[in-house]
Amino acid sequence: MVFYRKYRPQTIDDLDNAGVRETLLSILANPPHAFLFTGPKGLGKTSTARIIAKVINCQNKKNGVEPCNMCDTCVSITNGTNMDVIEIDAASNRGIDEIRDLKEKIRLAPISAIKKVYIIDEVHMLTTEAFNALLKTLEEPPEHALFILATTESHKVPATILSRCFHLSFSPATEEELLRAFKRIVKAEKIEIDEEALALIANASDRGFRDGVKL
């Protein structure tokens, strides 16, 4: 398995983006009903969304906020098999029919989790009609539902959607953050590598965690 997938962050503390880590620790005790993650590719938006899904639903949290990653709910979210955590790729499910289907199913209570979590990636790809339908759901969401929208092109997200979400911007990684990510893998894999070599990889990473870990 490639390192990027093998060492995908599983807790808030695993997140190498310091700003994202600090923000989540400060708000997840009383989370909003909808998040909007924006920023370039490869910065951990989807990984962060899955961690939030675990935080919301884990019943054995550590320190009041970190998921245990051992209960059935956490394990199923990590494996992508939890029926109450629904990931939608808006690039291929961008029409009004898909959002109408979401609106119908969201009324149903969670199967086993505390809350249903809808993760909509590349949300900027939705049609105007789909955005309008989504807006109505965001205005009056069920108590048992939470939305996490993610996009690499925030300027294409309507202001009406943006105003109803907690906006979290994922900034390009700093060299310090990249080195933190690399060192987690180096330690786990027992790799012998010079600090200078890691710095060179960081400089070639285009400030993205995914690209850096692939290199």
# chains A, B, ... in the order shown; residues from 1 in each chain; ligands from 1

call {"tool": "residues_around", "arguments": {"residues": "Phe182 (chain A)", "least_positions_apart": "6", "cutoff": "8 Å", "atoms": "only C-alpha atoms", "output": "PyMOL selection string"}}
result
chain A and resi 198+212-213

call {"tool": "closest_atom_pairs", "arguments": {"of": "region 91-200 of chain A", "to": "region 54-77 of chain A", "cutoff": "8 Å", "atoms": "only C-alpha atoms", "output": "tab-separated table"}}
result
residue	atom	partner	partner_atom	distance
A:Ala113	CA	A:Asn57	CA	5.9
A:Ile114	CA	A:Asn57	CA	5.3
A:Lys115	CA	A:Asn57	CA	6.4

call {"tool": "select_by_dssp", "arguments": {"residues": "region 10-200 of chain A", "states": "alpha helix (DSSP H)", "output": "ChimeraX atom specification"}}
result
/A:18-27,45-57,72-79,96-105,128-139,159-162,175-189,195-200

call {"tool": "residues_around", "arguments": {"residues": "Leu28 (chain A)", "least_positions_apart": "2", "cutoff": "9 Å", "atoms": "only C-alpha atoms", "output": "PyMOL selection string"}}
result
chain A and resi 23-26+30-32+52+55-56+65

call {"tool": "write_last_selection", "arguments": {"atoms": "N, CA, C and O atoms", "output": "JSON list (two decimals), in the first residue's frame"}}
result
[["chain", "number", "residue", "atom", "x", "y", "z"],
["A", 23, "THR", "N", -7.91, 24.61, 15.05],
["A", 23, "THR", "CA", -9.31, 25.03, 14.88],
["A", 23, "THR", "C", -10.27, 23.92, 15.28],
["A", 23, "THR", "O", -11.24, 24.16, 16.00],
["A", 24, "LEU", "N", -10.00, 22.71, 14.84],
["A", 24, "LEU", "CA", -10.89, 21.60, 15.16],
["A", 24, "LEU", "C", -10.93, 21.33, 16.67],
["A", 24, "LEU", "O", -12.00, 21.07, 17.23],
["A", 25, "LEU", "N", -9.80, 21.39, 17.32],
["A", 25, "LEU", "CA", -9.76, 21.17, 18.76],
["A", 25, "LEU", "C", -10.60, 22.20, 19.51],
["A", 25, "LEU", "O", -11.17, 21.92, 20.56],
["A", 26, "SER", "N", -10.70, 23.40, 18.93],
["A", 26, "SER", "CA", -11.43, 24.47, 19.62],
["A", 26, "SER", "C", -12.93, 24.44, 19.37],
["A", 26, "SER", "O", -13.70, 24.99, 20.16],
["A", 30, "ASN", "N", -18.55, 21.56, 20.38],
["A", 30, "ASN", "CA", -19.89, 22.02, 20.00],
["A", 30, "ASN", "C", -19.90, 22.29, 18.50],
["A", 30, "ASN", "O", -19.87, 23.43, 18.06],
["A", 31, "PRO", "N", -19.89, 21.23, 17.69],
["A", 31, "PRO", "CA", -19.69, 21.39, 16.25],
["A", 31, "PRO", "C", -20.86, 22.04, 15.53],
["A", 31, "PRO", "O", -22.01, 21.89, 15.93],
["A", 32, "PRO", "N", -20.57, 22.74, 14.43],
["A", 32, "PRO", "CA", -21.63, 23.28, 13.59],
["A", 32, "PRO", "C", -22.32, 22.16, 12.81],
["A", 32, "PRO", "O", -21.83, 21.02, 12.81],
["A", 52, "ILE", "N", -13.58, 13.92, 11.50],
["A", 52, "ILE", "CA", -14.73, 14.59, 12.13],
["A", 52, "ILE", "C", -15.89, 13.62, 12.25],
["A", 52, "ILE", "O", -16.58, 13.59, 13.29],
["A", 55, "VAL", "N", -15.17, 11.64, 15.26],
["A", 55, "VAL", "CA", -15.32, 12.44, 16.48],
["A", 55, "VAL", "C", -16.80, 12.57, 16.85],
["A", 55, "VAL", "O", -17.19, 12.43, 18.01],
["A", 56, "ILE", "N", -17.63, 12.83, 15.85],
["A", 56, "ILE", "CA", -19.07, 13.03, 16.08],
["A", 56, "ILE", "C", -19.74, 11.75, 16.59],
["A", 56, "ILE", "O", -20.66, 11.80, 17.41],
["A", 65, "VAL", "N", -12.36, 14.62, 22.90],
["A", 65, "VAL", "CA", -12.52, 15.00, 21.50],
["A", 65, "VAL", "C", -11.90, 13.99, 20.52],
["A", 65, "VAL", "O", -12.42, 13.79, 19.44]]

call {"tool": "select_by_dssp", "arguments": {"residues": "region 11-156 of chain A", "states": "strand (DSSP E)", "output": "PyMOL selection string"}}
result
chain A and resi 34-38+85-89+116-121+145-151

call {"tool": "closest_residue", "arguments": {"among": "A:Pro172, A:Ile12, A:Glu153, A:Tyr7", "to": "Val186 (chain A)", "atoms": "only C-alpha atoms"}}
result
A:Tyr7

call {"tool": "atom_distance", "arguments": {"atom1": "CA of Phe131 (chain A)", "atom2": "CA of Thr78 (chain A)"}}
result
28.6 Å

call {"tool": "closest_residue", "arguments": {"among": "A:Leu126, A:Ile88, A:Ile120, A:Ala188", "to": "Ile148 (chain A)", "atoms": "only C-alpha atoms"}}
result
A:Ile120

call {"tool": "decode", "arguments": {"residues": "region 52-92 of chain A", "atoms": "N, CA and C atoms", "output": "PDB file, in the first residue's frame"}}
result
ATOM      1  N   ILE A  52     -13.580  13.922  11.500  1.00  0.00           N
ATOM      2  CA  ILE A  52     -14.728  14.591  12.126  1.00  0.00           C
ATOM      3  C   ILE A  52     -15.895  13.621  12.253  1.00  0.00           C
ATOM      4  N   ALA A  53     -16.126  12.810  11.232  1.00  0.00           N
ATOM      5  CA  ALA A  53     -17.204  11.817  11.295  1.00  0.00           C
ATOM      6  C   ALA A  53     -16.997  10.877  12.480  1.00  0.00           C
ATOM      7  N   LYS A  54     -15.747  10.515  12.738  1.00  0.00           N
ATOM      8  CA  LYS A  54     -15.452   9.649  13.887  1.00  0.00           C
ATOM      9  C   LYS A  54     -15.636  10.401  15.205  1.00  0.00           C
ATOM     10  N   VAL A  55     -15.167  11.640  15.257  1.00  0.00           N
ATOM     11  CA  VAL A  55     -15.317  12.440  16.481  1.00  0.00           C
ATOM     12  C   VAL A  55     -16.796  12.571  16.847  1.00  0.00           C
ATOM     13  N   ILE A  56     -17.634  12.833  15.854  1.00  0.00           N
ATOM     14  CA  ILE A  56     -19.067  13.029  16.079  1.00  0.00           C
ATOM     15  C   ILE A  56     -19.737  11.752  16.589  1.00  0.00           C
ATOM     16  N   ASN A  57     -19.245  10.615  16.122  1.00  0.00           N
ATOM     17  CA  ASN A  57     -19.947   9.358  16.391  1.00  0.00           C
ATOM     18  C   ASN A  57     -19.283   8.417  17.390  1.00  0.00           C
ATOM     19  N   CYS A  58     -18.027   8.657  17.727  1.00  0.00           N
ATOM     20  CA  CYS A  58     -17.323   7.783  18.662  1.00  0.00           C
ATOM     21  C   CYS A  58     -17.895   7.974  20.069  1.00  0.00           C
ATOM     22  N   GLN A  59     -18.152   6.876  20.733  1.00  0.00           N
ATOM     23  CA  GLN A  59     -18.694   6.934  22.095  1.00  0.00           C
ATOM     24  C   GLN A  59     -17.628   6.694  23.157  1.00  0.00           C
ATOM     25  N   ASN A  60     -16.386   6.516  22.712  1.00  0.00           N
ATOM     26  CA  ASN A  60     -15.278   6.290  23.656  1.00  0.00           C
ATOM     27  C   ASN A  60     -14.152   7.286  23.403  1.00  0.00           C
ATOM     28  N   LYS A  61     -14.522   8.540  23.177  1.00  0.00           N
ATOM     29  CA  LYS A  61     -13.523   9.551  22.822  1.00  0.00           C
ATOM     30  C   LYS A  61     -12.470   9.715  23.909  1.00  0.00           C
ATOM     31  N   LYS A  62     -11.269  10.039  23.459  1.00  0.00           N
ATOM     32  CA  LYS A  62     -10.156  10.296  24.365  1.00  0.00           C
ATOM     33  C   LYS A  62     -10.013  11.809  24.570  1.00  0.00           C
ATOM     34  N   ASN A  63      -9.781  12.211  25.797  1.00  0.00           N
ATOM     35  CA  ASN A  63      -9.617  13.640  26.115  1.00  0.00           C
ATOM     36  C   ASN A  63     -10.808  14.475  25.658  1.00  0.00           C
ATOM     37  N   GLY A  64     -11.960  13.826  25.548  1.00  0.00           N
ATOM     38  CA  GLY A  64     -13.178  14.542  25.212  1.00  0.00           C
ATOM     39  C   GLY A  64     -13.382  14.857  23.758  1.00  0.00           C
ATOM     40  N   VAL A  65     -12.358  14.616  22.900  1.00  0.00           N
ATOM     41  CA  VAL A  65     -12.518  14.996  21.499  1.00  0.00           C
ATOM     42  C   VAL A  65     -11.895  13.994  20.524  1.00  0.00           C
ATOM     43  N   GLU A  66     -10.809  13.330  20.881  1.00  0.00           N
ATOM     44  CA  GLU A  66     -10.146  12.434  19.932  1.00  0.00           C
ATOM     45  C   GLU A  66     -10.907  11.103  19.809  1.00  0.00           C
ATOM     46  N   PRO A  67     -11.118  10.628  18.579  1.00  0.00           N
ATOM     47  CA  PRO A  67     -11.778   9.320  18.413  1.00  0.00           C
ATOM     48  C   PRO A  67     -10.884   8.207  18.926  1.00  0.00           C
ATOM     49  N   CYS A  68     -11.504   7.138  19.429  1.00  0.00           N
ATOM     50  CA  CYS A  68     -10.715   6.029  19.982  1.00  0.00           C
ATOM     51  C   CYS A  68     -10.083   5.173  18.886  1.00  0.00           C
ATOM     52  N   ASN A  69     -10.704   5.132  17.703  1.00  0.00           N
ATOM     53  CA  ASN A  69     -10.249   4.320  16.574  1.00  0.00           C
ATOM     54  C   ASN A  69     -10.255   2.823  16.870  1.00  0.00           C
ATOM     55  N   MET A  70     -10.994   2.436  17.889  1.00  0.00           N
ATOM     56  CA  MET A  70     -11.067   1.017  18.242  1.00  0.00           C
ATOM     57  C   MET A  70     -12.499   0.483  18.279  1.00  0.00           C
ATOM     58  N   CYS A  71     -13.474   1.368  18.512  1.00  0.00           N
ATOM     59  CA  CYS A  71     -14.866   0.915  18.564  1.00  0.00           C
ATOM     60  C   CYS A  71     -15.360   0.541  17.166  1.00  0.00           C
ATOM     61  N   ASP A  72     -16.488  -0.156  17.109  1.00  0.00           N
ATOM     62  CA  ASP A  72     -17.020  -0.599  15.816  1.00  0.00           C
ATOM     63  C   ASP A  72     -17.282   0.567  14.876  1.00  0.00           C
ATOM     64  N   THR A  73     -17.784   1.680  15.435  1.00  0.00           N
ATOM     65  CA  THR A  73     -18.097   2.838  14.592  1.00  0.00           C
ATOM     66  C   THR A  73     -16.834   3.430  13.993  1.00  0.00           C
ATOM     67  N   CYS A  74     -15.821   3.662  14.799  1.00  0.00           N
ATOM     68  CA  CYS A  74     -14.564   4.223  14.296  1.00  0.00           C
ATOM     69  C   CYS A  74     -13.937   3.316  13.232  1.00  0.00           C
ATOM     70  N   VAL A  75     -13.909   2.012  13.526  1.00  0.00           N
ATOM     71  CA  VAL A  75     -13.286   1.063  12.595  1.00  0.00           C
ATOM     72  C   VAL A  75     -14.031   1.046  11.263  1.00  0.00           C
ATOM     73  N   SER A  76     -15.358   1.076  11.309  1.00  0.00           N
ATOM     74  CA  SER A  76     -16.133   1.043  10.063  1.00  0.00           C
ATOM     75  C   SER A  76     -15.955   2.331   9.257  1.00  0.00           C
ATOM     76  N   ILE A  77     -15.801   3.466   9.937  1.00  0.00           N
ATOM     77  CA  ILE A  77     -15.564   4.725   9.213  1.00  0.00           C
ATOM     78  C   ILE A  77     -14.180   4.696   8.572  1.00  0.00           C
ATOM     79  N   THR A  78     -13.187   4.207   9.311  1.00  0.00           N
ATOM     80  CA  THR A  78     -11.839   4.084   8.757  1.00  0.00           C
ATOM     81  C   THR A  78     -11.843   3.185   7.528  1.00  0.00           C
ATOM     82  N   ASN A  79     -12.600   2.102   7.580  1.00  0.00           N
ATOM     83  CA  ASN A  79     -12.639   1.138   6.475  1.00  0.00           C
ATOM     84  C   ASN A  79     -13.554   1.561   5.334  1.00  0.00           C
ATOM     85  N   GLY A  80     -14.328   2.628   5.563  1.00  0.00           N
ATOM     86  CA  GLY A  80     -15.252   3.090   4.524  1.00  0.00           C
ATOM     87  C   GLY A  80     -16.496   2.255   4.386  1.00  0.00           C
ATOM     88  N   THR A  81     -16.881   1.543   5.480  1.00  0.00           N
ATOM     89  CA  THR A  81     -18.042   0.652   5.402  1.00  0.00           C
ATOM     90  C   THR A  81     -19.208   1.106   6.266  1.00  0.00           C
ATOM     91  N   ASN A  82     -19.071   2.263   6.925  1.00  0.00           N
ATOM     92  CA  ASN A  82     -20.153   2.725   7.786  1.00  0.00           C
ATOM     93  C   ASN A  82     -21.292   3.290   6.940  1.00  0.00           C
ATOM     94  N   MET A  83     -22.496   2.753   7.127  1.00  0.00           N
ATOM     95  CA  MET A  83     -23.644   3.133   6.301  1.00  0.00           C
ATOM     96  C   MET A  83     -24.150   4.544   6.603  1.00  0.00           C
ATOM     97  N   ASP A  84     -23.732   5.106   7.729  1.00  0.00           N
ATOM     98  CA  ASP A  84     -24.195   6.445   8.102  1.00  0.00           C
ATOM     99  C   ASP A  84     -23.219   7.550   7.715  1.00  0.00           C
ATOM    100  N   VAL A  85     -22.089   7.185   7.158  1.00  0.00           N
ATOM    101  CA  VAL A  85     -21.125   8.171   6.641  1.00  0.00           C
ATOM    102  C   VAL A  85     -21.114   8.026   5.134  1.00  0.00           C
ATOM    103  N   ILE A  86     -21.727   9.000   4.470  1.00  0.00           N
ATOM    104  CA  ILE A  86     -21.961   8.909   3.025  1.00  0.00           C
ATOM    105  C   ILE A  86     -21.051   9.882   2.296  1.00  0.00           C
ATOM    106  N   GLU A  87     -20.184   9.351   1.456  1.00  0.00           N
ATOM    107  CA  GLU A  87     -19.269  10.190   0.671  1.00  0.00           C
ATOM    108  C   GLU A  87     -19.798  10.301  -0.756  1.00  0.00           C
ATOM    109  N   ILE A  88     -19.922  11.534  -1.202  1.00  0.00           N
ATOM    110  CA  ILE A  88     -20.467  11.809  -2.533  1.00  0.00           C
ATOM    111  C   ILE A  88     -19.449  12.607  -3.339  1.00  0.00           C
ATOM    112  N   ASP A  89     -19.132  12.127  -4.524  1.00  0.00           N
ATOM    113  CA  ASP A  89     -18.246  12.862  -5.431  1.00  0.00           C
ATOM    114  C   ASP A  89     -19.123  13.725  -6.325  1.00  0.00           C
ATOM    115  N   ALA A  90     -19.134  15.028  -6.068  1.00  0.00           N
ATOM    116  CA  ALA A  90     -20.016  15.918  -6.818  1.00  0.00           C
ATOM    117  C   ALA A  90     -19.605  16.051  -8.282  1.00  0.00           C
ATOM    118  N   ALA A  91     -18.387  15.656  -8.604  1.00  0.00           N
ATOM    119  CA  ALA A  91     -17.946  15.728  -9.997  1.00  0.00           C
ATOM    120  C   ALA A  91     -18.741  14.751 -10.863  1.00  0.00           C
ATOM    121  N   SER A  92     -19.176  13.629 -10.276  1.00  0.00           N
ATOM    122  CA  SER A  92     -19.937  12.643 -11.051  1.00  0.00           C
ATOM    123  C   SER A  92     -21.379  12.493 -10.568  1.00  0.00           C
TER     124      SER A  92
END
